[in-house]
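The structure under discussion appears below in the form of structure tokens.
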Amino acid sequence: MNSPQLQRGVFLFLLFAVTIAFGWILFPFFGAVMWGMALAILFTPAYKRLARKMGNRRNLAAIATLSLALVVVVIPLSVITVSLVDEVSLVSQKIRSGDINFANYFQQVVNAIPHWALNLLDRFGLGNVEGLISRISAGAAQGSQAIAAHALSIGQNTFDFLVSFAIMLYLLFFLLRDGGDLSKTIRNSLPLAKPHTHYLLNKFTTVIRATIKGNVAVAAAQGIIGGLSFWFLGVQGALLWGVLMAFLSLLPAVGAALIWLPVAIYFLATGAIWQGLTLIFIGVFVVGLVDNILRPLLVGKDTQMPDYVVLMSTIGGIALFGINGFVIGPVIAALFMAVWDLFASSNEEDGNAPPSP
């Protein structure tokens, strides 16, 4: 009755059950765990170099690498976040007081549209400008309320953020120090051929490094260029719009244009021709080239994925997982392609590949 097959079946069920239970326990801190792993993969080469220079004292090297990560990543983000909170509060107050009135901006654009174009819009049922303006006014009011509510929720969730941040740093230290041993344990535990395991784990780490470095570099470049351009052209809330362009740049090809293009149209419609043309030039030939050159170079080249796969997986990942999805999406896509590539290779080796035409 107590056969080896039954014992193995019960053991596999137990292994599956405790794995799911452990994942369930960690799920409330999914973001902290994911970013701890991602930063550990990103900073492992620096840790190895420091460990060699410090006589393989792993604790000291891990502390030094953790300090490097804080200086390079965490502190700049914290400074930007504090400045952004002040900027958001200022813009929200101006929206509520009417100093920033999106309905008026839209009305100015509509007033600049030729009559023949308005007649054409009427033919397609898009000529109800007054109704559209009222919806914009209502949306701006709701947006300002949402900004204020979100600012309040940030204050209420400060404790949760600090806990997640502490978990991420704690996990990052041990992943840096013990990451090599942990990786070896995972390779030995996976029920796959050793070359396949090695290939898949290398693909996993390569994609995470390329995605974070590439997307962060593109986002930082586009956000800085866009924010400085808005500041130079006298647009209110330049820091806020620059940060929004940086976040939206995670959507390849179209992200930052969702911010700068409406502003350029407003400039042209209100007679600020040189400002509008300047912003269009910067958006197309500077911001656009950053996206078209840096992203394929830093993301597509290292991941060896086509640009359209990077685009679709990034958008899909963000839609499903939020900001974490810009890493998760390309990783899943890369593993998908890697697994199918291994499957096709194994079929060819076994002689099961379909005959070539």
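Going through the structure tokens in order, the chains are called A, B, and so on, while each chain numbers its residues from 1 and the ligands are numbered from 1 in the order shown.
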**OP:** With a distance cut-off of 7 Å and only C-alpha atoms, select the neighbouring residues of A:Thr205, excluding the residue or stretch itself and same-chain residues fewer than 4 positions from it, and output the selection as number ranges by chain.
**Re:** A: 41, 201, 209
Generate a file of the selected residues that holds C-alpha atoms, formatted as a PDB file, in the first residue's frame.
ATOM      1  CA  ILE A  41      21.194  40.907  -9.560  1.00  0.00           C
ATOM      2  CA  LEU A 201      19.041  31.327 -15.059  1.00  0.00           C
ATOM      3  CA  ARG A 209      19.913  43.733 -15.600  1.00  0.00           C
TER       4      ARG A 209
END
**OP:** Between A:Ala64, A:Ala193, A:Ala246, A:Ala220, single out the one closest to A:Leu342, counting only C-alpha atoms.
**Re:**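 Of the candidates, the smallest distance to A:Leu342 is held by A:Ala193.
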List every residue of stretch 181-322 of chain A that DSSP, applied to the backbone of this structure, assigns to helix (DSSP H, G or I), and report them as an mmCIF file with N, CA and C atoms, in the first residue's frame.
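Contents of the output file selection-v4.cif:
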data_model
loop_
_atom_site.group_PDB
_atom_site.id
_atom_site.type_symbol
_atom_site.label_atom_id
_atom_site.label_comp_id
_atom_site.auth_asym_id
_atom_site.auth_seq_id
_atom_site.Cartn_x
_atom_site.Cartn_y
_atom_site.Cartn_z
ATOM 1 N N ASP A 181 25.709 31.114 -3.457
ATOM 2 C CA ASP A 181 25.315 29.812 -2.901
ATOM 3 C C ASP A 181 23.846 29.513 -3.188
ATOM 4 N N LEU A 182 23.003 30.549 -3.086
ATOM 5 C CA LEU A 182 21.583 30.350 -3.358
ATOM 6 C C LEU A 182 21.349 29.980 -4.820
ATOM 7 N N SER A 183 22.062 30.646 -5.718
ATOM 8 C CA SER A 183 21.935 30.318 -7.142
ATOM 9 C C SER A 183 22.376 28.890 -7.420
ATOM 10 N N LYS A 184 23.440 28.449 -6.763
ATOM 11 C CA LYS A 184 23.904 27.083 -6.951
ATOM 12 C C LYS A 184 22.876 26.078 -6.424
ATOM 13 N N THR A 185 22.253 26.395 -5.287
ATOM 14 C CA THR A 185 21.216 25.507 -4.741
ATOM 15 C C THR A 185 20.033 25.404 -5.689
ATOM 16 N N ILE A 186 19.620 26.535 -6.269
ATOM 17 C CA ILE A 186 18.494 26.510 -7.205
ATOM 18 C C ILE A 186 18.849 25.691 -8.438
ATOM 19 N N ARG A 187 20.065 25.869 -8.953
ATOM 20 C CA ARG A 187 20.472 25.099 -10.141
ATOM 21 C C ARG A 187 20.480 23.606 -9.856
ATOM 22 N N ASN A 188 20.912 23.232 -8.663
ATOM 23 C CA ASN A 188 20.958 21.801 -8.329
ATOM 24 C C ASN A 188 19.581 21.224 -8.022
ATOM 25 N N SER A 189 18.632 22.082 -7.635
ATOM 26 C CA SER A 189 17.311 21.604 -7.231
ATOM 27 C C SER A 189 16.338 21.487 -8.392
ATOM 28 N N LYS A 194 21.222 20.169 -16.713
ATOM 29 C CA LYS A 194 22.095 21.229 -16.206
ATOM 30 C C LYS A 194 22.348 22.334 -17.227
ATOM 31 N N PRO A 195 22.605 22.021 -18.510
ATOM 32 C CA PRO A 195 22.791 23.124 -19.474
ATOM 33 C C PRO A 195 21.541 23.993 -19.616
ATOM 34 N N HIS A 196 20.355 23.356 -19.570
ATOM 35 C CA HIS A 196 19.109 24.111 -19.675
ATOM 36 C C HIS A 196 18.924 25.027 -18.459
ATOM 37 N N THR A 197 19.200 24.484 -17.280
ATOM 38 C CA THR A 197 19.072 25.284 -16.058
ATOM 39 C C THR A 197 20.013 26.478 -16.093
ATOM 40 N N HIS A 198 21.260 26.216 -16.480
ATOM 41 C CA HIS A 198 22.245 27.294 -16.546
ATOM 42 C C HIS A 198 21.819 28.351 -17.554
ATOM 43 N N TYR A 199 21.320 27.922 -18.697
ATOM 44 C CA TYR A 199 20.896 28.863 -19.743
ATOM 45 C C TYR A 199 19.722 29.714 -19.284
ATOM 46 N N LEU A 200 18.718 29.100 -18.656
ATOM 47 C CA LEU A 200 17.532 29.828 -18.229
ATOM 48 C C LEU A 200 17.851 30.818 -17.109
ATOM 49 N N LEU A 201 18.680 30.408 -16.142
ATOM 50 C CA LEU A 201 19.041 31.327 -15.059
ATOM 51 C C LEU A 201 19.875 32.494 -15.580
ATOM 52 N N ASN A 202 20.777 32.221 -16.520
ATOM 53 C CA ASN A 202 21.547 33.306 -17.113
ATOM 54 C C ASN A 202 20.644 34.266 -17.888
ATOM 55 N N LYS A 203 19.660 33.721 -18.604
ATOM 56 C CA LYS A 203 18.716 34.562 -19.333
ATOM 57 C C LYS A 203 17.917 35.429 -18.361
ATOM 58 N N PHE A 204 17.502 34.835 -17.238
ATOM 59 C CA PHE A 204 16.740 35.559 -16.225
ATOM 60 C C PHE A 204 17.526 36.749 -15.691
ATOM 61 N N THR A 205 18.766 36.514 -15.294
ATOM 62 C CA THR A 205 19.576 37.600 -14.725
ATOM 63 C C THR A 205 19.936 38.647 -15.780
ATOM 64 N N THR A 206 20.217 38.194 -17.013
ATOM 65 C CA THR A 206 20.569 39.135 -18.074
ATOM 66 C C THR A 206 19.415 40.070 -18.393
ATOM 67 N N VAL A 207 18.205 39.523 -18.475
ATOM 68 C CA VAL A 207 17.043 40.343 -18.808
ATOM 69 C C VAL A 207 16.748 41.348 -17.703
ATOM 70 N N ILE A 208 16.863 40.930 -16.439
ATOM 71 C CA ILE A 208 16.609 41.861 -15.340
ATOM 72 C C ILE A 208 17.618 42.998 -15.370
ATOM 73 N N ARG A 209 18.901 42.673 -15.543
ATOM 74 C CA ARG A 209 19.913 43.733 -15.600
ATOM 75 C C ARG A 209 19.653 44.673 -16.774
ATOM 76 N N ALA A 210 19.411 44.112 -17.952
ATOM 77 C CA ALA A 210 19.222 44.953 -19.138
ATOM 78 C C ALA A 210 17.963 45.783 -19.028
ATOM 79 N N THR A 211 16.887 45.202 -18.496
ATOM 80 C CA THR A 211 15.623 45.924 -18.417
ATOM 81 C C THR A 211 15.719 47.084 -17.440
ATOM 82 N N ILE A 212 16.297 46.833 -16.264
ATOM 83 C CA ILE A 212 16.397 47.909 -15.276
ATOM 84 C C ILE A 212 17.343 48.994 -15.762
ATOM 85 N N LYS A 213 18.547 48.593 -16.222
ATOM 86 C CA LYS A 213 19.500 49.607 -16.670
ATOM 87 C C LYS A 213 18.968 50.365 -17.875
ATOM 88 N N GLY A 214 18.405 49.642 -18.839
ATOM 89 C CA GLY A 214 17.918 50.289 -20.047
ATOM 90 C C GLY A 214 16.738 51.191 -19.794
ATOM 91 N N ASN A 215 15.703 50.666 -19.137
ATOM 92 C CA ASN A 215 14.498 51.468 -18.903
ATOM 93 C C ASN A 215 14.761 52.644 -17.967
ATOM 94 N N VAL A 216 15.573 52.422 -16.934
ATOM 95 C CA VAL A 216 15.884 53.513 -16.014
ATOM 96 C C VAL A 216 16.699 54.594 -16.720
ATOM 97 N N ALA A 217 17.658 54.176 -17.564
ATOM 98 C CA ALA A 217 18.451 55.162 -18.301
ATOM 99 C C ALA A 217 17.571 55.963 -19.251
ATOM 100 N N VAL A 218 16.680 55.280 -19.968
ATOM 101 C CA VAL A 218 15.783 55.973 -20.899
ATOM 102 C C VAL A 218 14.839 56.903 -20.135
ATOM 103 N N ALA A 219 14.262 56.397 -19.029
ATOM 104 C CA ALA A 219 13.326 57.218 -18.252
ATOM 105 C C ALA A 219 14.031 58.445 -17.682
ATOM 106 N N ALA A 220 15.226 58.249 -17.125
ATOM 107 C CA ALA A 220 15.950 59.388 -16.555
ATOM 108 C C ALA A 220 16.294 60.414 -17.632
ATOM 109 N N ALA A 221 16.775 59.945 -18.790
ATOM 110 C CA ALA A 221 17.155 60.866 -19.866
ATOM 111 C C ALA A 221 15.945 61.643 -20.376
ATOM 112 N N GLN A 222 14.839 60.931 -20.626
ATOM 113 C CA GLN A 222 13.654 61.617 -21.147
ATOM 114 C C GLN A 222 13.049 62.551 -20.106
ATOM 115 N N GLY A 223 13.018 62.123 -18.845
ATOM 116 C CA GLY A 223 12.479 62.986 -17.801
ATOM 117 C C GLY A 223 13.298 64.250 -17.614
ATOM 118 N N ILE A 224 14.631 64.111 -17.621
ATOM 119 C CA ILE A 224 15.504 65.285 -17.449
ATOM 120 C C ILE A 224 15.368 66.228 -18.637
ATOM 121 N N ILE A 225 15.417 65.675 -19.847
ATOM 122 C CA ILE A 225 15.300 66.524 -21.043
ATOM 123 C C ILE A 225 13.938 67.213 -21.083
ATOM 124 N N GLY A 226 12.866 66.449 -20.829
ATOM 125 C CA GLY A 226 11.530 67.032 -20.857
ATOM 126 C C GLY A 226 11.328 68.069 -19.774
ATOM 127 N N GLY A 227 11.775 67.773 -18.553
ATOM 128 C CA GLY A 227 11.615 68.724 -17.455
ATOM 129 C C GLY A 227 12.382 70.014 -17.696
ATOM 130 N N LEU A 228 13.635 69.902 -18.179
ATOM 131 C CA LEU A 228 14.416 71.102 -18.462
ATOM 132 C C LEU A 228 13.804 71.910 -19.608
ATOM 133 N N SER A 229 13.261 71.205 -20.598
ATOM 134 C CA SER A 229 12.612 71.912 -21.713
ATOM 135 C C SER A 229 11.397 72.687 -21.226
ATOM 136 N N PHE A 230 10.579 72.058 -20.386
ATOM 137 C CA PHE A 230 9.406 72.744 -19.845
ATOM 138 C C PHE A 230 9.822 73.942 -18.989
ATOM 139 N N TRP A 231 10.878 73.762 -18.183
ATOM 140 C CA TRP A 231 11.356 74.867 -17.346
ATOM 141 C C TRP A 231 11.852 76.024 -18.208
ATOM 142 N N PHE A 232 12.598 75.704 -19.268
ATOM 143 C CA PHE A 232 13.132 76.736 -20.156
ATOM 144 C C PHE A 232 12.003 77.476 -20.871
ATOM 145 N N ALA A 238 7.283 72.181 -13.930
ATOM 146 C CA ALA A 238 8.202 71.476 -14.831
ATOM 147 C C ALA A 238 8.705 70.171 -14.221
ATOM 148 N N LEU A 239 8.985 70.170 -12.903
ATOM 149 C CA LEU A 239 9.459 68.945 -12.258
ATOM 150 C C LEU A 239 8.404 67.853 -12.317
ATOM 151 N N LEU A 240 7.148 68.215 -12.038
ATOM 152 C CA LEU A 240 6.063 67.235 -12.077
ATOM 153 C C LEU A 240 5.931 66.633 -13.468
ATOM 154 N N TRP A 241 5.921 67.497 -14.506
ATOM 155 C CA TRP A 241 5.762 66.982 -15.870
ATOM 156 C C TRP A 241 6.985 66.164 -16.291
ATOM 157 N N GLY A 242 8.165 66.553 -15.824
ATOM 158 C CA GLY A 242 9.352 65.767 -16.138
ATOM 159 C C GLY A 242 9.288 64.373 -15.537
ATOM 160 N N VAL A 243 8.825 64.287 -14.276
ATOM 161 C CA VAL A 243 8.686 62.972 -13.637
ATOM 162 C C VAL A 243 7.618 62.139 -14.342
ATOM 163 N N LEU A 244 6.505 62.790 -14.725
ATOM 164 C CA LEU A 244 5.466 62.070 -15.458
ATOM 165 C C LEU A 244 5.997 61.549 -16.795
ATOM 166 N N MET A 245 6.806 62.347 -17.485
ATOM 167 C CA MET A 245 7.404 61.877 -18.737
ATOM 168 C C MET A 245 8.345 60.701 -18.489
ATOM 169 N N ALA A 246 9.070 60.752 -17.360
ATOM 170 C CA ALA A 246 9.961 59.639 -17.044
ATOM 171 C C ALA A 246 9.171 58.356 -16.821
ATOM 172 N N PHE A 247 8.058 58.445 -16.070
ATOM 173 C CA PHE A 247 7.245 57.253 -15.842
ATOM 174 C C PHE A 247 6.595 56.772 -17.127
ATOM 175 N N LEU A 248 6.042 57.706 -17.914
ATOM 176 C CA LEU A 248 5.371 57.314 -19.147
ATOM 177 C C LEU A 248 6.348 56.800 -20.189
ATOM 178 N N ALA A 257 5.464 61.443 -25.276
ATOM 179 C CA ALA A 257 4.692 62.310 -26.172
ATOM 180 C C ALA A 257 3.306 62.617 -25.607
ATOM 181 N N LEU A 258 2.798 61.777 -24.720
ATOM 182 C CA LEU A 258 1.503 62.036 -24.108
ATOM 183 C C LEU A 258 1.532 63.303 -23.255
ATOM 184 N N ILE A 259 2.721 63.758 -22.860
ATOM 185 C CA ILE A 259 2.864 64.973 -22.061
ATOM 186 C C ILE A 259 3.264 66.156 -22.933
ATOM 187 N N TRP A 260 4.356 66.007 -23.708
ATOM 188 C CA TRP A 260 4.874 67.180 -24.409
ATOM 189 C C TRP A 260 4.052 67.567 -25.639
ATOM 190 N N LEU A 261 3.395 66.614 -26.295
ATOM 191 C CA LEU A 261 2.659 66.943 -27.512
ATOM 192 C C LEU A 261 1.464 67.864 -27.249
ATOM 193 N N PRO A 262 0.597 67.600 -26.226
ATOM 194 C CA PRO A 262 -0.490 68.559 -25.956
ATOM 195 C C PRO A 262 0.014 69.962 -25.610
ATOM 196 N N VAL A 263 1.144 70.046 -24.896
ATOM 197 C CA VAL A 263 1.697 71.354 -24.555
ATOM 198 C C VAL A 263 2.178 72.065 -25.815
ATOM 199 N N ALA A 264 2.814 71.325 -26.722
ATOM 200 C CA ALA A 264 3.263 71.931 -27.976
ATOM 201 C C ALA A 264 2.069 72.420 -28.799
ATOM 202 N N ILE A 265 0.997 71.642 -28.839
ATOM 203 C CA ILE A 265 -0.215 72.062 -29.567
ATOM 204 C C ILE A 265 -0.788 73.325 -28.947
ATOM 205 N N TYR A 266 -0.803 73.391 -27.629
ATOM 206 C CA TYR A 266 -1.306 74.597 -26.949
ATOM 207 C C TYR A 266 -0.459 75.812 -27.306
ATOM 208 N N PHE A 267 0.860 75.656 -27.302
ATOM 209 C CA PHE A 267 1.725 76.773 -27.669
ATOM 210 C C PHE A 267 1.405 77.269 -29.081
ATOM 211 N N LEU A 268 1.293 76.344 -30.029
ATOM 212 C CA LEU A 268 1.034 76.736 -31.412
ATOM 213 C C LEU A 268 -0.336 77.395 -31.544
ATOM 214 N N ALA A 269 -1.335 76.867 -30.820
ATOM 215 C CA ALA A 269 -2.691 77.396 -30.934
ATOM 216 C C ALA A 269 -2.820 78.787 -30.321
ATOM 217 N N ILE A 273 4.575 80.515 -31.247
ATOM 218 C CA ILE A 273 5.044 79.642 -32.324
ATOM 219 C C ILE A 273 6.426 79.066 -32.017
ATOM 220 N N TRP A 274 7.367 79.929 -31.605
ATOM 221 C CA TRP A 274 8.727 79.412 -31.396
ATOM 222 C C TRP A 274 8.786 78.433 -30.241
ATOM 223 N N GLN A 275 7.960 78.662 -29.190
ATOM 224 C CA GLN A 275 7.924 77.708 -28.083
ATOM 225 C C GLN A 275 7.384 76.365 -28.551
ATOM 226 N N GLY A 276 6.280 76.405 -29.339
ATOM 227 C CA GLY A 276 5.701 75.161 -29.830
ATOM 228 C C GLY A 276 6.640 74.416 -30.746
ATOM 229 N N LEU A 277 7.274 75.122 -31.683
ATOM 230 C CA LEU A 277 8.205 74.461 -32.607
ATOM 231 C C LEU A 277 9.432 73.924 -31.866
ATOM 232 N N THR A 278 9.894 74.697 -30.874
ATOM 233 C CA THR A 278 11.044 74.233 -30.082
ATOM 234 C C THR A 278 10.702 72.944 -29.344
ATOM 235 N N LEU A 279 9.509 72.911 -28.740
ATOM 236 C CA LEU A 279 9.126 71.722 -27.990
ATOM 237 C C LEU A 279 8.923 70.526 -28.915
ATOM 238 N N ILE A 280 8.351 70.756 -30.096
ATOM 239 C CA ILE A 280 8.188 69.658 -31.065
ATOM 240 C C ILE A 280 9.550 69.142 -31.519
ATOM 241 N N PHE A 281 10.477 70.063 -31.771
ATOM 242 C CA PHE A 281 11.823 69.640 -32.181
ATOM 243 C C PHE A 281 12.484 68.799 -31.099
ATOM 244 N N ILE A 282 12.407 69.273 -29.850
ATOM 245 C CA ILE A 282 13.021 68.522 -28.745
ATOM 246 C C ILE A 282 12.327 67.177 -28.567
ATOM 247 N N GLY A 283 10.980 67.190 -28.635
ATOM 248 C CA GLY A 283 10.244 65.945 -28.429
ATOM 249 C C GLY A 283 10.531 64.907 -29.491
ATOM 250 N N VAL A 284 10.608 65.330 -30.755
ATOM 251 C CA VAL A 284 10.793 64.378 -31.853
ATOM 252 C C VAL A 284 12.258 63.974 -32.006
ATOM 253 N N PHE A 285 13.158 64.965 -32.028
ATOM 254 C CA PHE A 285 14.536 64.690 -32.399
ATOM 255 C C PHE A 285 15.475 64.469 -31.217
ATOM 256 N N VAL A 286 15.054 64.812 -30.004
ATOM 257 C CA VAL A 286 15.905 64.564 -28.830
ATOM 258 C C VAL A 286 15.285 63.471 -27.958
ATOM 259 N N VAL A 287 14.071 63.737 -27.433
ATOM 260 C CA VAL A 287 13.403 62.734 -26.600
ATOM 261 C C VAL A 287 13.125 61.467 -27.410
ATOM 262 N N GLY A 288 12.649 61.647 -28.647
ATOM 263 C CA GLY A 288 12.342 60.488 -29.481
ATOM 264 C C GLY A 288 13.572 59.667 -29.814
ATOM 265 N N LEU A 289 14.691 60.346 -30.112
ATOM 266 C CA LEU A 289 15.914 59.612 -30.434
ATOM 267 C C LEU A 289 16.465 58.875 -29.219
ATOM 268 N N VAL A 290 16.295 59.458 -28.033
ATOM 269 C CA VAL A 290 16.712 58.757 -26.816
ATOM 270 C C VAL A 290 15.991 57.416 -26.717
ATOM 271 N N ASP A 291 14.672 57.441 -26.997
ATOM 272 C CA ASP A 291 13.884 56.204 -26.925
ATOM 273 C C ASP A 291 14.273 55.235 -28.031
ATOM 274 N N ASN A 292 14.450 55.757 -29.246
ATOM 275 C CA ASN A 292 14.713 54.890 -30.396
ATOM 276 C C ASN A 292 16.125 54.344 -30.439
ATOM 277 N N ILE A 293 17.060 55.029 -29.771
ATOM 278 C CA ILE A 293 18.454 54.584 -29.808
ATOM 279 C C ILE A 293 18.843 53.857 -28.525
ATOM 280 N N LEU A 294 18.584 54.489 -27.373
ATOM 281 C CA LEU A 294 19.033 53.890 -26.114
ATOM 282 C C LEU A 294 18.281 52.612 -25.772
ATOM 283 N N ARG A 295 16.939 52.602 -25.955
ATOM 284 C CA ARG A 295 16.168 51.433 -25.513
ATOM 285 C C ARG A 295 16.561 50.161 -26.264
ATOM 286 N N PRO A 296 16.581 50.169 -27.616
ATOM 287 C CA PRO A 296 17.025 48.942 -28.291
ATOM 288 C C PRO A 296 18.463 48.577 -27.963
ATOM 289 N N LEU A 297 19.316 49.618 -27.771
ATOM 290 C CA LEU A 297 20.723 49.350 -27.496
ATOM 291 C C LEU A 297 20.922 48.710 -26.134
ATOM 292 N N LEU A 298 20.203 49.240 -25.112
ATOM 293 C CA LEU A 298 20.407 48.777 -23.740
ATOM 294 C C LEU A 298 19.487 47.623 -23.361
ATOM 295 N N VAL A 299 18.287 47.561 -23.949
ATOM 296 C CA VAL A 299 17.327 46.526 -23.580
ATOM 297 C C VAL A 299 17.318 45.403 -24.605
ATOM 298 N N GLY A 300 17.000 45.759 -25.854
ATOM 299 C CA GLY A 300 16.864 44.727 -26.882
ATOM 300 C C GLY A 300 18.155 43.991 -27.177
ATOM 301 N N LYS A 301 19.284 44.704 -27.160
ATOM 302 C CA LYS A 301 20.552 44.063 -27.506
ATOM 303 C C LYS A 301 20.938 43.005 -26.485
ATOM 304 N N ASP A 302 20.860 43.342 -25.207
ATOM 305 C CA ASP A 302 21.259 42.392 -24.169
ATOM 306 C C ASP A 302 20.258 41.263 -24.010
ATOM 307 N N THR A 303 18.966 41.561 -24.142
ATOM 308 C CA THR A 303 17.954 40.514 -23.980
ATOM 309 C C THR A 303 17.795 39.678 -25.230
ATOM 310 N N ASP A 307 12.335 44.405 -30.904
ATOM 311 C CA ASP A 307 11.797 45.613 -30.289
ATOM 312 C C ASP A 307 10.302 45.494 -30.016
ATOM 313 N N TYR A 308 9.563 44.840 -30.933
ATOM 314 C CA TYR A 308 8.119 44.753 -30.735
ATOM 315 C C TYR A 308 7.771 43.845 -29.557
ATOM 316 N N VAL A 309 8.604 42.838 -29.278
ATOM 317 C CA VAL A 309 8.359 41.988 -28.115
ATOM 318 C C VAL A 309 8.639 42.766 -26.833
ATOM 319 N N VAL A 310 9.715 43.568 -26.836
ATOM 320 C CA VAL A 310 10.013 44.418 -25.677
ATOM 321 C C VAL A 310 8.864 45.376 -25.419
ATOM 322 N N LEU A 311 8.339 45.988 -26.499
ATOM 323 C CA LEU A 311 7.234 46.942 -26.363
ATOM 324 C C LEU A 311 5.992 46.272 -25.791
ATOM 325 N N MET A 312 5.566 45.160 -26.391
ATOM 326 C CA MET A 312 4.320 44.515 -25.966
ATOM 327 C C MET A 312 4.436 43.943 -24.560
ATOM 328 N N SER A 313 5.582 43.335 -24.246
ATOM 329 C CA SER A 313 5.740 42.750 -22.915
ATOM 330 C C SER A 313 5.815 43.825 -21.834
ATOM 331 N N THR A 314 6.424 44.976 -22.159
ATOM 332 C CA THR A 314 6.495 46.069 -21.187
ATOM 333 C C THR A 314 5.111 46.633 -20.909
ATOM 334 N N ILE A 315 4.339 46.916 -21.977
ATOM 335 C CA ILE A 315 2.994 47.466 -21.800
ATOM 336 C C ILE A 315 2.104 46.471 -21.062
ATOM 337 N N GLY A 316 2.155 45.191 -21.470
ATOM 338 C CA GLY A 316 1.345 44.176 -20.797
ATOM 339 C C GLY A 316 1.729 43.996 -19.343
ATOM 340 N N GLY A 317 3.035 44.029 -19.056
ATOM 341 C CA GLY A 317 3.478 43.887 -17.671
ATOM 342 C C GLY A 317 3.017 45.024 -16.797
ATOM 343 N N ILE A 318 3.105 46.267 -17.317
ATOM 344 C CA ILE A 318 2.647 47.418 -16.543
ATOM 345 C C ILE A 318 1.145 47.362 -16.329
ATOM 346 N N ALA A 319 0.390 46.914 -17.355
ATOM 347 C CA ALA A 319 -1.066 46.814 -17.214
ATOM 348 C C ALA A 319 -1.459 45.813 -16.135
ATOM 349 N N LEU A 320 -0.696 44.740 -15.990
ATOM 350 C CA LEU A 320 -1.051 43.693 -15.022
ATOM 351 C C LEU A 320 -0.441 43.921 -13.640
ATOM 352 N N PHE A 321 0.794 44.411 -13.587
ATOM 353 C CA PHE A 321 1.524 44.469 -12.320
ATOM 354 C C PHE A 321 1.879 45.886 -11.882
ATOM 355 N N GLY A 322 1.401 46.903 -12.604
ATOM 356 C CA GLY A 322 1.755 48.264 -12.228
ATOM 357 C C GLY A 322 3.198 48.570 -12.561
#
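Picture a line from atom CA of A:Leu60 to atom CA of A:Leu176; it runs 10.9 Å.
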Original post:
What gap, in Å, lies between atom CA of A:Val71 and atom CA of A:Gly325?
Top reply: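 Computing the Euclidean distance for atom CA of A:Val71 and atom CA of A:Gly325 yields 24.5 Å.
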**OP:** Quick one: pull the distance between atom CA of A:Ala21 and atom CA of A:Thr44, Å, one decimal.
**Re:** 28.9 Å
